[in-house]
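Trainee: Provided herewith is a single structure, encoded as structure tokens, for subsequent inquiry.
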Amino acid sequence: MSDRTERAADAFAKLFGGSPDGIWAAPGRVNLIGEHTDYNDGFALPIALPQTTLLAARARTDGRLLLHSAQGDGRITELAVADLAPGAVPGWAAYPAGVVWALAGAGHRVGGADLHFDSTVPTGAGLSSSAALECAVAVAYDGLYGLELAGPELARIAQRAENAFAGVPCGIMDQMASVCCTTGAALHLDARTPEHHGQVPLDLPGQGLGLLVIDTRVSHDLGDGAYAALRAGCERAAGLLGLRALRDLPAGDLAAALDELPAELAPLVRHVVTENDRVAEAVARLGEGEAAALGPILTAGHASLRDDYRVSCPEADLAVTAALGAGALGARMTGGGFGGSVIALVEAGREEAVGGSVTAAFGAAGHRLPRLLTAVPAAGARRLVPRPEPLLVPRPEPLLAP
């Protein structure tokens with residue numbers, strides 16, 4: 001076992017006595033391009049981060065669910081699986097408890113468990129720490145209770161937990177990235193049919209590039225209504241246009257469609273349609289081995305999120321401007337918005353210089369200084385101890401999905 005898994009096992013023993021049945025990990029994610037497209041049945045291109053939520057878990061036979069987080073207040077949250085209901089569990093525990101509730105609601109015979117979490121995914125940074133919590137539980141329960149569910153099905157369970165139990169109306173991109181990403185590749189997600197996702201090779205160091213993640217340290221609760229209002233606006237626009245979802249509006253018909261819509265909905269539609277096109281362009285460029293060509297695509301995506309979708313903030317805009325001014329090939333906010341993180345595509349070896357310029361700009365503006373990390377495409381959710389044979393969550397063959 002690694003030092004980290006040993007610490008998780010030791011902590012589990014102190015909390016619950018004995019050893020866990022296994023230790024699982026689920027990563028956070030960075031989305032390269034394709035923001036606010038998933039709940040419009042659109043496309044996205046995320047990667048999993050090396051930062052993960054570890055879960056040491058052991059099944060129980062008494063129907064009790066015990067939750068503990070190394071990043072929490074030290075208390076164990078104890079719940080009855082039979083009593084789980086939306087709105088009944090406050091705080092962070094709603095995310096893992098919601099997965100158990102969603103599994104039971106889907107007809108799976110699941111019971112209780114002792115669960116100890118230890119996460120290195122930054123919270124409040126727009127890097128999907130909540131999805132990492134959910135997906136760690138999903139893959140652990142898959143192993144503990146012998147469910148043998150495929151990755152996209154586990155992602156749907158985790159998404160339902162966040163939507164219906166925790167009350168955040170997110171799409172499926174975060175959960176799909178956490179479960180189904182692979183090392184050295186970006187996930188080409190079709191949110192309408194997640195089962196048909198593809199893996200797009202992404203070797204940034206091999207092309208002399210790096211991906212800098214800038215946590216602005218501006219946190220926003222996506223469950224407070226702003227996110228839901230955006231989704232409702234998109235669904236209203238699709239209905240007015242006679243579409244199942246905005247994904248079904250061809251780019252060639254965009255101008256005419258905008259003329260038919262109320263002024264407040266037109267910018268939302270423009271963002272979604274052009275963002276889907278940016279995903280397609282990014283996949284094409286990566287398929288041609290031109291990762292540096294992602295730069296202008298990222299920057300155009302940020303302008304759309306800032307000006308049309310209006311989910312940026314002064315700190316994110318400053319991070320993008322400062323990164324580009326320091327020589328980044330492209331930069332944009334990533335995640336749901338209203339804060340969170342910015343990604344910057346840079347030449348290898350320039351991460352420190354670009355990060356330093358952003359930090360200096362934040363200091364001059366009187367903002368809290370950002371946190372910086374370098375992202376590489378990492379593996380999705382998996383069992384670490386004992387290592388399963390075969391993998392409990394099947395991995396799709398690498399492909400370039402249209």
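Every chain in the structure tokens takes a letter, A first, then B, and so on in the order presented; its residues are numbered from 1, and the ligands are numbered from 1 following the presented order.
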Might you pull out every residue within 9 Å of A:Leu230, with only C-alpha atoms counted and same-chain residues fewer than 5 positions away left off, and present them as a compact mmCIF listing (two decimals) with C-alpha atoms, in the first residue's frame?
Mentor:
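The resulting part-v7.txt:
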```
# COMPACT_ATOMS: atom_id res chain seq x y z
CA HIS A 36 -22.69 24.18 -19.26
CA GLY A 225 -30.34 29.02 -7.37
CA GLU A 235 -34.68 24.42 -21.22
CA LEU A 268 -27.47 31.43 -23.28
CA TYR A 309 -23.40 33.03 -20.06
```
Trainee: Leaving out stretch 185-197 of chain A and any residue of its chain fewer than 5 positions from it, which residues lie within 6 Å of it when counting only C-alpha atoms, given as a PyMOL selection string?
Mentor: chain A and resi 38+41-47+152+202+377
Trainee: Which one is closest to A:Leu294: A:Leu32, A:Leu147, A:Ala138, A:Ala70? Count only C-alpha atoms.
Mentor: A:Leu32
Trainee: Hey, which bits of stretch 270-325 of chain A sit within 12 Å of stretch 360-372 of chain A, and for each residue what's the closest pair of atoms and how far apart in Å (one decimal), counting only C-alpha atoms, rows by chain and increasing number, as JSON lines?
Mentor:
```
{"residue": "A:Pro314", "atom": "CA", "partner": "A:His367", "partner_atom": "CA", "distance": 9.7}
{"residue": "A:Glu315", "atom": "CA", "partner": "A:His367", "partner_atom": "CA", "distance": 7.5}
{"residue": "A:Ala316", "atom": "CA", "partner": "A:Phe362", "partner_atom": "CA", "distance": 10.1}
{"residue": "A:Asp317", "atom": "CA", "partner": "A:Phe362", "partner_atom": "CA", "distance": 10.9}
{"residue": "A:Leu318", "atom": "CA", "partner": "A:Ala361", "partner_atom": "CA", "distance": 7.5}
{"residue": "A:Ala319", "atom": "CA", "partner": "A:Phe362", "partner_atom": "CA", "distance": 7.8}
{"residue": "A:Val320", "atom": "CA", "partner": "A:Ala361", "partner_atom": "CA", "distance": 10.7}
{"residue": "A:Thr321", "atom": "CA", "partner": "A:Ala361", "partner_atom": "CA", "distance": 9.4}
{"residue": "A:Ala322", "atom": "CA", "partner": "A:Ala361", "partner_atom": "CA", "distance": 6.7}
{"residue": "A:Ala323", "atom": "CA", "partner": "A:Ala361", "partner_atom": "CA", "distance": 9.6}
{"residue": "A:Gly325", "atom": "CA", "partner": "A:Ala361", "partner_atom": "CA", "distance": 10.6}
```
Trainee: The selected residues should be written to file as an mmCIF file, in the first residue's frame (atoms: C-alpha atoms).
Mentor:
```
data_model
loop_
_atom_site.group_PDB
_atom_site.id
_atom_site.type_symbol
_atom_site.label_atom_id
_atom_site.label_comp_id
_atom_site.auth_asym_id
_atom_site.auth_seq_id
_atom_site.Cartn_x
_atom_site.Cartn_y
_atom_site.Cartn_z
ATOM 1 C CA PRO A 314 -13.504 39.605 -11.610
ATOM 2 C CA GLU A 315 -10.926 37.227 -10.159
ATOM 3 C CA ALA A 316 -11.373 34.672 -12.954
ATOM 4 C CA ASP A 317 -11.215 37.397 -15.611
ATOM 5 C CA LEU A 318 -8.049 38.781 -14.040
ATOM 6 C CA ALA A 319 -6.467 35.305 -13.940
ATOM 7 C CA VAL A 320 -7.172 34.826 -17.648
ATOM 8 C CA THR A 321 -5.860 38.274 -18.577
ATOM 9 C CA ALA A 322 -2.709 37.926 -16.474
ATOM 10 C CA ALA A 323 -1.985 34.410 -17.746
ATOM 11 C CA GLY A 325 -0.192 38.549 -20.698
#
```
Trainee: Which of stretch 50-193 of chain A end up as strand (DSSP E) when DSSP is run on this backbone - answer as an mmCIF file with all heavy atoms, in the first residue's frame?
Mentor:
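This went into part-v5.cif:
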```cif
data_model
loop_
_atom_site.group_PDB
_atom_site.id
_atom_site.type_symbol
_atom_site.label_atom_id
_atom_site.label_comp_id
_atom_site.auth_asym_id
_atom_site.auth_seq_id
_atom_site.Cartn_x
_atom_site.Cartn_y
_atom_site.Cartn_z
ATOM 1 N N PRO A 50 -4.972 14.123 -10.798
ATOM 2 C CA PRO A 50 -4.313 13.197 -9.873
ATOM 3 C C PRO A 50 -4.854 13.329 -8.447
ATOM 4 O O PRO A 50 -4.748 12.387 -7.653
ATOM 5 C CB PRO A 50 -2.842 13.614 -9.939
ATOM 6 C CG PRO A 50 -2.700 14.397 -11.198
ATOM 7 C CD PRO A 50 -4.026 15.062 -11.416
ATOM 8 N N GLN A 51 -5.420 14.480 -8.112
ATOM 9 C CA GLN A 51 -5.989 14.680 -6.780
ATOM 10 C C GLN A 51 -7.265 13.833 -6.649
ATOM 11 O O GLN A 51 -8.147 13.888 -7.531
ATOM 12 C CB GLN A 51 -6.305 16.145 -6.541
ATOM 13 C CG GLN A 51 -5.095 17.022 -6.337
ATOM 14 C CD GLN A 51 -4.339 17.336 -7.621
ATOM 15 O OE1 GLN A 51 -4.862 17.137 -8.717
ATOM 16 N NE2 GLN A 51 -3.127 17.833 -7.504
ATOM 17 N N THR A 52 -7.373 13.071 -5.568
ATOM 18 C CA THR A 52 -8.469 12.125 -5.415
ATOM 19 C C THR A 52 -9.082 12.180 -4.026
ATOM 20 O O THR A 52 -8.472 12.671 -3.072
ATOM 21 C CB THR A 52 -8.002 10.675 -5.651
ATOM 22 O OG1 THR A 52 -6.991 10.351 -4.682
ATOM 23 C CG2 THR A 52 -7.457 10.484 -7.055
ATOM 24 N N THR A 53 -10.291 11.645 -3.937
ATOM 25 C CA THR A 53 -10.902 11.306 -2.667
ATOM 26 C C THR A 53 -10.696 9.818 -2.429
ATOM 27 O O THR A 53 -11.130 8.995 -3.239
ATOM 28 C CB THR A 53 -12.402 11.626 -2.661
ATOM 29 O OG1 THR A 53 -12.574 13.042 -2.725
ATOM 30 C CG2 THR A 53 -13.078 11.107 -1.406
ATOM 31 N N LEU A 54 -9.986 9.484 -1.344
ATOM 32 C CA LEU A 54 -9.831 8.087 -0.940
ATOM 33 C C LEU A 54 -10.995 7.707 -0.029
ATOM 34 O O LEU A 54 -11.446 8.506 0.787
ATOM 35 C CB LEU A 54 -8.530 7.862 -0.175
ATOM 36 C CG LEU A 54 -7.206 7.869 -0.931
ATOM 37 C CD1 LEU A 54 -6.104 7.317 -0.036
ATOM 38 C CD2 LEU A 54 -7.284 7.078 -2.212
ATOM 39 N N LEU A 55 -11.459 6.467 -0.182
ATOM 40 C CA LEU A 55 -12.538 5.963 0.650
ATOM 41 C C LEU A 55 -12.179 4.570 1.159
ATOM 42 O O LEU A 55 -12.052 3.626 0.377
ATOM 43 C CB LEU A 55 -13.848 5.912 -0.139
ATOM 44 C CG LEU A 55 -15.025 5.210 0.534
ATOM 45 C CD1 LEU A 55 -15.327 5.810 1.892
ATOM 46 C CD2 LEU A 55 -16.257 5.271 -0.373
ATOM 47 N N ALA A 56 -11.980 4.469 2.456
ATOM 48 C CA ALA A 56 -11.833 3.171 3.104
ATOM 49 C C ALA A 56 -13.220 2.751 3.561
ATOM 50 O O ALA A 56 -13.903 3.499 4.278
ATOM 51 C CB ALA A 56 -10.879 3.262 4.295
ATOM 52 N N ALA A 57 -13.651 1.562 3.143
ATOM 53 C CA ALA A 57 -15.052 1.187 3.333
ATOM 54 C C ALA A 57 -15.187 -0.263 3.774
ATOM 55 O O ALA A 57 -14.408 -1.126 3.376
ATOM 56 C CB ALA A 57 -15.831 1.411 2.038
ATOM 57 N N ARG A 58 -16.228 -0.508 4.566
ATOM 58 C CA ARG A 58 -16.557 -1.869 4.995
ATOM 59 C C ARG A 58 -18.078 -1.980 5.090
ATOM 60 O O ARG A 58 -18.747 -1.110 5.662
ATOM 61 C CB ARG A 58 -15.930 -2.158 6.363
ATOM 62 C CG ARG A 58 -16.174 -3.577 6.879
ATOM 63 C CD ARG A 58 -15.411 -3.807 8.179
ATOM 64 N NE ARG A 58 -15.867 -2.915 9.240
ATOM 65 C CZ ARG A 58 -15.165 -2.647 10.344
ATOM 66 N NH1 ARG A 58 -13.975 -3.191 10.508
ATOM 67 N NH2 ARG A 58 -15.647 -1.830 11.265
ATOM 68 N N ALA A 59 -18.625 -3.038 4.513
ATOM 69 C CA ALA A 59 -20.073 -3.241 4.538
ATOM 70 C C ALA A 59 -20.551 -3.563 5.956
ATOM 71 O O ALA A 59 -19.834 -4.162 6.759
ATOM 72 C CB ALA A 59 -20.452 -4.364 3.586
ATOM 73 N N ARG A 64 -27.037 0.477 8.969
ATOM 74 C CA ARG A 64 -26.536 1.774 9.415
ATOM 75 C C ARG A 64 -25.448 2.253 8.456
ATOM 76 O O ARG A 64 -24.649 1.465 7.949
ATOM 77 C CB ARG A 64 -25.967 1.699 10.823
ATOM 78 C CG ARG A 64 -26.897 1.086 11.859
ATOM 79 C CD ARG A 64 -28.189 1.866 12.009
ATOM 80 N NE ARG A 64 -27.979 3.190 12.587
ATOM 81 C CZ ARG A 64 -28.959 4.082 12.774
ATOM 82 N NH1 ARG A 64 -30.198 3.793 12.398
ATOM 83 N NH2 ARG A 64 -28.699 5.256 13.305
ATOM 84 N N LEU A 65 -25.408 3.544 8.247
ATOM 85 C CA LEU A 65 -24.403 4.180 7.402
ATOM 86 C C LEU A 65 -23.619 5.153 8.264
ATOM 87 O O LEU A 65 -24.176 6.131 8.774
ATOM 88 C CB LEU A 65 -25.075 4.909 6.236
ATOM 89 C CG LEU A 65 -24.158 5.621 5.227
ATOM 90 C CD1 LEU A 65 -23.288 4.614 4.491
ATOM 91 C CD2 LEU A 65 -24.983 6.430 4.231
ATOM 92 N N LEU A 66 -22.321 4.892 8.440
ATOM 93 C CA LEU A 66 -21.459 5.746 9.265
ATOM 94 C C LEU A 66 -20.446 6.441 8.365
ATOM 95 O O LEU A 66 -19.734 5.780 7.599
ATOM 96 C CB LEU A 66 -20.739 4.916 10.338
ATOM 97 C CG LEU A 66 -21.512 4.677 11.652
ATOM 98 C CD1 LEU A 66 -22.772 3.841 11.400
ATOM 99 C CD2 LEU A 66 -20.629 3.982 12.674
ATOM 100 N N LEU A 67 -20.394 7.763 8.459
ATOM 101 C CA LEU A 67 -19.579 8.591 7.571
ATOM 102 C C LEU A 67 -18.595 9.419 8.382
ATOM 103 O O LEU A 67 -18.984 10.081 9.347
ATOM 104 C CB LEU A 67 -20.467 9.531 6.751
ATOM 105 C CG LEU A 67 -21.640 8.913 5.989
ATOM 106 C CD1 LEU A 67 -22.555 9.999 5.470
ATOM 107 C CD2 LEU A 67 -21.132 8.062 4.841
ATOM 108 N N HIS A 68 -17.333 9.420 7.934
ATOM 109 C CA HIS A 68 -16.320 10.256 8.575
ATOM 110 C C HIS A 68 -15.387 10.806 7.521
ATOM 111 O O HIS A 68 -15.002 10.098 6.580
ATOM 112 C CB HIS A 68 -15.513 9.453 9.596
ATOM 113 C CG HIS A 68 -14.443 10.272 10.276
ATOM 114 N ND1 HIS A 68 -13.164 10.390 9.762
ATOM 115 C CD2 HIS A 68 -14.481 11.033 11.413
ATOM 116 C CE1 HIS A 68 -12.459 11.189 10.552
ATOM 117 N NE2 HIS A 68 -13.230 11.587 11.560
ATOM 118 N N SER A 69 -15.020 12.073 7.657
ATOM 119 C CA SER A 69 -14.083 12.703 6.731
ATOM 120 C C SER A 69 -12.874 13.224 7.486
ATOM 121 O O SER A 69 -13.018 13.894 8.520
ATOM 122 C CB SER A 69 -14.750 13.868 5.990
ATOM 123 O OG SER A 69 -13.789 14.612 5.260
ATOM 124 N N THR A 77 -20.872 10.854 11.307
ATOM 125 C CA THR A 77 -22.294 11.004 11.017
ATOM 126 C C THR A 77 -22.908 9.614 10.882
ATOM 127 O O THR A 77 -22.440 8.803 10.075
ATOM 128 C CB THR A 77 -22.512 11.794 9.714
ATOM 129 O OG1 THR A 77 -21.957 13.109 9.861
ATOM 130 C CG2 THR A 77 -23.992 11.906 9.377
ATOM 131 N N GLU A 78 -23.938 9.330 11.672
ATOM 132 C CA GLU A 78 -24.584 8.021 11.632
ATOM 133 C C GLU A 78 -26.003 8.168 11.119
ATOM 134 O O GLU A 78 -26.786 8.991 11.608
ATOM 135 C CB GLU A 78 -24.590 7.369 13.024
ATOM 136 C CG GLU A 78 -25.164 5.957 13.004
ATOM 137 C CD GLU A 78 -24.974 5.221 14.314
ATOM 138 O OE1 GLU A 78 -24.254 5.751 15.198
ATOM 139 O OE2 GLU A 78 -25.524 4.113 14.459
ATOM 140 N N LEU A 79 -26.335 7.372 10.111
ATOM 141 C CA LEU A 79 -27.631 7.441 9.445
ATOM 142 C C LEU A 79 -28.191 6.038 9.280
ATOM 143 O O LEU A 79 -27.444 5.051 9.277
ATOM 144 C CB LEU A 79 -27.496 8.094 8.063
ATOM 145 C CG LEU A 79 -26.835 9.469 8.005
ATOM 146 C CD1 LEU A 79 -26.444 9.808 6.579
ATOM 147 C CD2 LEU A 79 -27.770 10.529 8.573
ATOM 148 N N ALA A 80 -29.491 5.960 9.108
ATOM 149 C CA ALA A 80 -30.142 4.697 8.766
ATOM 150 C C ALA A 80 -30.434 4.703 7.276
ATOM 151 O O ALA A 80 -31.077 5.643 6.769
ATOM 152 C CB ALA A 80 -31.432 4.523 9.560
ATOM 153 N N ALA A 113 -22.797 0.764 5.653
ATOM 154 C CA ALA A 113 -21.343 0.664 5.520
ATOM 155 C C ALA A 113 -20.685 1.624 6.492
ATOM 156 O O ALA A 113 -21.290 2.617 6.921
ATOM 157 C CB ALA A 113 -20.898 0.975 4.096
ATOM 158 N N ASP A 114 -19.445 1.298 6.850
ATOM 159 C CA ASP A 114 -18.555 2.239 7.529
ATOM 160 C C ASP A 114 -17.694 2.890 6.457
ATOM 161 O O ASP A 114 -17.018 2.186 5.699
ATOM 162 C CB ASP A 114 -17.654 1.506 8.523
ATOM 163 C CG ASP A 114 -18.434 0.843 9.644
ATOM 164 O OD1 ASP A 114 -19.432 1.431 10.099
ATOM 165 O OD2 ASP A 114 -18.042 -0.272 10.063
ATOM 166 N N LEU A 115 -17.709 4.222 6.381
ATOM 167 C CA LEU A 115 -17.011 4.939 5.314
ATOM 168 C C LEU A 115 -16.114 6.017 5.905
ATOM 169 O O LEU A 115 -16.592 6.908 6.623
ATOM 170 C CB LEU A 115 -18.008 5.581 4.346
ATOM 171 C CG LEU A 115 -19.057 4.672 3.707
ATOM 172 C CD1 LEU A 115 -19.975 5.490 2.791
ATOM 173 C CD2 LEU A 115 -18.408 3.545 2.917
ATOM 174 N N HIS A 116 -14.829 5.954 5.594
ATOM 175 C CA HIS A 116 -13.874 6.997 5.995
ATOM 176 C C HIS A 116 -13.280 7.618 4.742
ATOM 177 O O HIS A 116 -12.687 6.921 3.910
ATOM 178 C CB HIS A 116 -12.757 6.428 6.858
ATOM 179 C CG HIS A 116 -11.598 7.374 7.025
ATOM 180 N ND1 HIS A 116 -11.719 8.572 7.708
ATOM 181 C CD2 HIS A 116 -10.312 7.320 6.572
ATOM 182 C CE1 HIS A 116 -10.558 9.203 7.684
ATOM 183 N NE2 HIS A 116 -9.691 8.474 6.998
ATOM 184 N N PHE A 117 -13.429 8.951 4.587
ATOM 185 C CA PHE A 117 -12.965 9.685 3.415
ATOM 186 C C PHE A 117 -11.717 10.495 3.764
ATOM 187 O O PHE A 117 -11.594 11.041 4.850
ATOM 188 C CB PHE A 117 -14.042 10.659 2.922
ATOM 189 C CG PHE A 117 -15.332 10.013 2.518
ATOM 190 C CD1 PHE A 117 -16.338 9.794 3.453
ATOM 191 C CD2 PHE A 117 -15.555 9.629 1.208
ATOM 192 C CE1 PHE A 117 -17.537 9.209 3.093
ATOM 193 C CE2 PHE A 117 -16.756 9.050 0.832
ATOM 194 C CZ PHE A 117 -17.745 8.835 1.777
ATOM 195 N N ASP A 118 -10.830 10.592 2.792
ATOM 196 C CA ASP A 118 -9.662 11.468 2.922
ATOM 197 C C ASP A 118 -9.367 12.021 1.537
ATOM 198 O O ASP A 118 -9.009 11.267 0.626
ATOM 199 C CB ASP A 118 -8.457 10.700 3.461
ATOM 200 C CG ASP A 118 -7.286 11.620 3.785
ATOM 201 O OD1 ASP A 118 -7.425 12.847 3.629
ATOM 202 O OD2 ASP A 118 -6.224 11.105 4.179
ATOM 203 N N SER A 119 -9.544 13.319 1.354
ATOM 204 C CA SER A 119 -9.500 13.900 0.012
ATOM 205 C C SER A 119 -8.378 14.907 -0.155
ATOM 206 O O SER A 119 -8.079 15.684 0.754
ATOM 207 C CB SER A 119 -10.829 14.595 -0.300
ATOM 208 O OG SER A 119 -10.830 15.102 -1.626
ATOM 209 N N ALA A 185 -5.413 10.752 -21.307
ATOM 210 C CA ALA A 185 -6.460 11.035 -22.295
ATOM 211 C C ALA A 185 -7.496 11.976 -21.722
ATOM 212 O O ALA A 185 -7.674 12.071 -20.498
ATOM 213 C CB ALA A 185 -7.133 9.736 -22.754
ATOM 214 N N ALA A 186 -8.181 12.687 -22.620
ATOM 215 C CA ALA A 186 -9.359 13.471 -22.256
ATOM 216 C C ALA A 186 -10.595 12.671 -22.638
ATOM 217 O O ALA A 186 -10.580 11.916 -23.625
ATOM 218 C CB ALA A 186 -9.357 14.817 -22.977
ATOM 219 N N LEU A 187 -11.648 12.824 -21.868
ATOM 220 C CA LEU A 187 -12.892 12.107 -22.114
ATOM 221 C C LEU A 187 -13.761 12.924 -23.065
ATOM 222 O O LEU A 187 -14.143 14.053 -22.747
ATOM 223 C CB LEU A 187 -13.639 11.883 -20.797
ATOM 224 C CG LEU A 187 -14.940 11.096 -20.898
ATOM 225 C CD1 LEU A 187 -14.652 9.606 -20.967
ATOM 226 C CD2 LEU A 187 -15.842 11.405 -19.702
ATOM 227 N N HIS A 188 -14.065 12.356 -24.235
ATOM 228 C CA HIS A 188 -14.986 13.024 -25.166
ATOM 229 C C HIS A 188 -16.389 12.566 -24.814
ATOM 230 O O HIS A 188 -16.806 11.464 -25.165
ATOM 231 C CB HIS A 188 -14.641 12.670 -26.608
ATOM 232 C CG HIS A 188 -15.423 13.470 -27.615
ATOM 233 N ND1 HIS A 188 -15.486 13.139 -28.935
ATOM 234 C CD2 HIS A 188 -16.180 14.597 -27.479
ATOM 235 C CE1 HIS A 188 -16.229 14.012 -29.582
ATOM 236 N NE2 HIS A 188 -16.659 14.910 -28.704
ATOM 237 N N LEU A 189 -17.105 13.422 -24.091
ATOM 238 C CA LEU A 189 -18.414 13.081 -23.559
ATOM 239 C C LEU A 189 -19.529 13.561 -24.468
ATOM 240 O O LEU A 189 -19.561 14.726 -24.860
ATOM 241 C CB LEU A 189 -18.585 13.712 -22.170
ATOM 242 C CG LEU A 189 -19.978 13.603 -21.551
ATOM 243 C CD1 LEU A 189 -20.329 12.153 -21.247
ATOM 244 C CD2 LEU A 189 -20.067 14.462 -20.293
ATOM 245 N N ASP A 190 -20.452 12.668 -24.777
ATOM 246 C CA ASP A 190 -21.742 13.011 -25.363
ATOM 247 C C ASP A 190 -22.755 12.828 -24.250
ATOM 248 O O ASP A 190 -23.077 11.704 -23.861
ATOM 249 C CB ASP A 190 -22.050 12.082 -26.544
ATOM 250 C CG ASP A 190 -23.399 12.370 -27.196
ATOM 251 O OD1 ASP A 190 -24.239 13.041 -26.562
ATOM 252 O OD2 ASP A 190 -23.627 11.909 -28.329
#
```
Trainee: Figure out the distance between atom CA of A:Glu290 and atom CA of A:Val358, please, to one decimal in Å.
Mentor: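 Atom CA of A:Glu290 lies 25.9 Å from atom CA of A:Val358.
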Trainee: Find the residues near A:Ala266: any atom within 12 Å, counting only C-alpha atoms, skip ones fewer than 6 places away on the same chain, and give them as number ranges by chain.
Mentor: A: 233-234, 236-238, 240-241, 246, 254-260, 272-273, 307-309
Trainee: For the residues selected in the previous step, produce a file with N, CA and C atoms as a tab-separated table (two decimals), in the first residue's frame.
Mentor:
```tsv
chain	number	residue	atom	x	y	z
A	233	GLY	N	-33.36	28.43	-17.96
A	233	GLY	CA	-33.38	29.30	-19.13
A	233	GLY	C	-33.08	28.55	-20.41
A	234	CYS	N	-32.10	27.65	-20.34
A	234	CYS	CA	-31.77	26.84	-21.52
A	234	CYS	C	-32.93	25.93	-21.91
A	236	ARG	N	-36.07	26.41	-21.28
A	236	ARG	CA	-37.15	27.24	-21.83
A	236	ARG	C	-36.86	27.61	-23.28
A	237	ALA	N	-35.61	27.97	-23.56
A	237	ALA	CA	-35.24	28.33	-24.93
A	237	ALA	C	-35.42	27.15	-25.88
A	238	ALA	N	-35.00	25.97	-25.45
A	238	ALA	CA	-35.17	24.78	-26.29
A	238	ALA	C	-36.65	24.55	-26.58
A	240	LEU	N	-39.09	26.79	-26.66
A	240	LEU	CA	-39.57	27.81	-27.58
A	240	LEU	C	-39.14	27.54	-29.02
A	241	LEU	N	-37.98	26.88	-29.17
A	241	LEU	CA	-37.47	26.56	-30.50
A	241	LEU	C	-37.96	25.21	-31.01
A	246	LEU	N	-30.89	22.09	-26.48
A	246	LEU	CA	-30.15	23.03	-27.31
A	246	LEU	C	-29.06	22.35	-28.13
A	254	LEU	N	-28.21	29.10	-36.00
A	254	LEU	CA	-28.15	29.87	-34.76
A	254	LEU	C	-28.67	31.28	-34.93
A	255	ALA	N	-28.23	31.99	-35.97
A	255	ALA	CA	-28.63	33.39	-36.14
A	255	ALA	C	-30.14	33.53	-36.23
A	256	ALA	N	-30.77	32.66	-37.02
A	256	ALA	CA	-32.23	32.74	-37.16
A	256	ALA	C	-32.91	32.41	-35.84
A	257	ALA	N	-32.38	31.45	-35.11
A	257	ALA	CA	-32.98	31.06	-33.83
A	257	ALA	C	-32.91	32.20	-32.83
A	258	LEU	N	-31.78	32.91	-32.81
A	258	LEU	CA	-31.62	34.01	-31.86
A	258	LEU	C	-32.65	35.10	-32.09
A	259	ASP	N	-33.03	35.30	-33.34
A	259	ASP	CA	-34.03	36.32	-33.66
A	259	ASP	C	-35.41	35.96	-33.12
A	260	GLU	N	-35.64	34.66	-32.88
A	260	GLU	CA	-36.95	34.21	-32.41
A	260	GLU	C	-37.08	34.25	-30.89
A	272	VAL	N	-24.16	27.96	-25.68
A	272	VAL	CA	-24.24	26.49	-25.76
A	272	VAL	C	-23.89	26.00	-27.16
A	273	VAL	N	-24.44	26.63	-28.18
A	273	VAL	CA	-24.20	26.18	-29.55
A	273	VAL	C	-22.73	26.38	-29.94
A	307	ASP	N	-19.20	36.75	-21.33
A	307	ASP	CA	-20.06	37.75	-21.98
A	307	ASP	C	-21.47	37.25	-22.26
A	308	ASP	N	-21.60	35.96	-22.64
A	308	ASP	CA	-22.92	35.42	-22.97
A	308	ASP	C	-23.55	34.71	-21.78
A	309	TYR	N	-22.81	33.80	-21.15
A	309	TYR	CA	-23.40	33.03	-20.06
A	309	TYR	C	-23.33	33.78	-18.73
```
Trainee: Determine, counting only C-alpha atoms, which protein, DNA and RNA residues have an atom within 12 Å of an atom of A:Thr182; residues of the same chain fewer than 2 positions away are not included. Present the result as a ChimeraX atom specification.
Mentor: /A:26-27,29,46-50,151,176-180,184-188,197-202,376-382,393-399
Trainee: Pick from A:Gly34, A:Cys135, A:Trp92, A:Tyr39: nearest to A:Arg383, with only C-alpha atoms counted?
Mentor: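 Of A:Gly34, A:Cys135, A:Trp92, A:Tyr39, the one nearest A:Arg383, counting only C-alpha atoms, is A:Cys135.
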Trainee: Enumerate, as a PyMOL selection string, the complete set of residues in stretch 110-299 of chain A that a backbone-based DSSP assignment places in helix (DSSP H, G or I).
Mentor: chain A and resi 129-144+151-165+173-180+194-196+205-207+222-224+226-240+246-248+251-260+266-287+291-299
Trainee: Fewer than 6 positions away in the same chain doesn't count, so skip those; otherwise give me all residues within 6 Å of stretch 343-353 of chain A, counting only C-alpha atoms, as a list in words.
Mentor: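 My reading of the contact set: Gly208, Leu209, Gly210, Leu211, Leu212, Val213, Ala328, Leu329, Gly330, Ala331 and Arg332 of chain A.
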Trainee: In Å, how far is it from atom CA of A:Ala282 to atom CA of A:Glu134?
Mentor: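 That distance, rounded to one decimal, is 28.5 Å.
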Trainee: How many Å lie between atom CA of A:Gly126 and atom CA of A:Gly287, rounded to one decimal?
Mentor: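 These two atoms are separated by 27.2 Å.
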Trainee: Got a sec: who's within 10 Å of A:Val110, counting only C-alpha atoms, leaving out chain neighbours fewer than 6 positions off, as a list in words?
Mentor: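 Once the adjacent positions are removed, what remains is Ala59, Arg60, Thr61, Gly63, Val81, Val100, Trp101, Leu103, Ala104, Tyr141, Asp142, Leu144, Tyr145, Gly146 and Leu147 of chain A.
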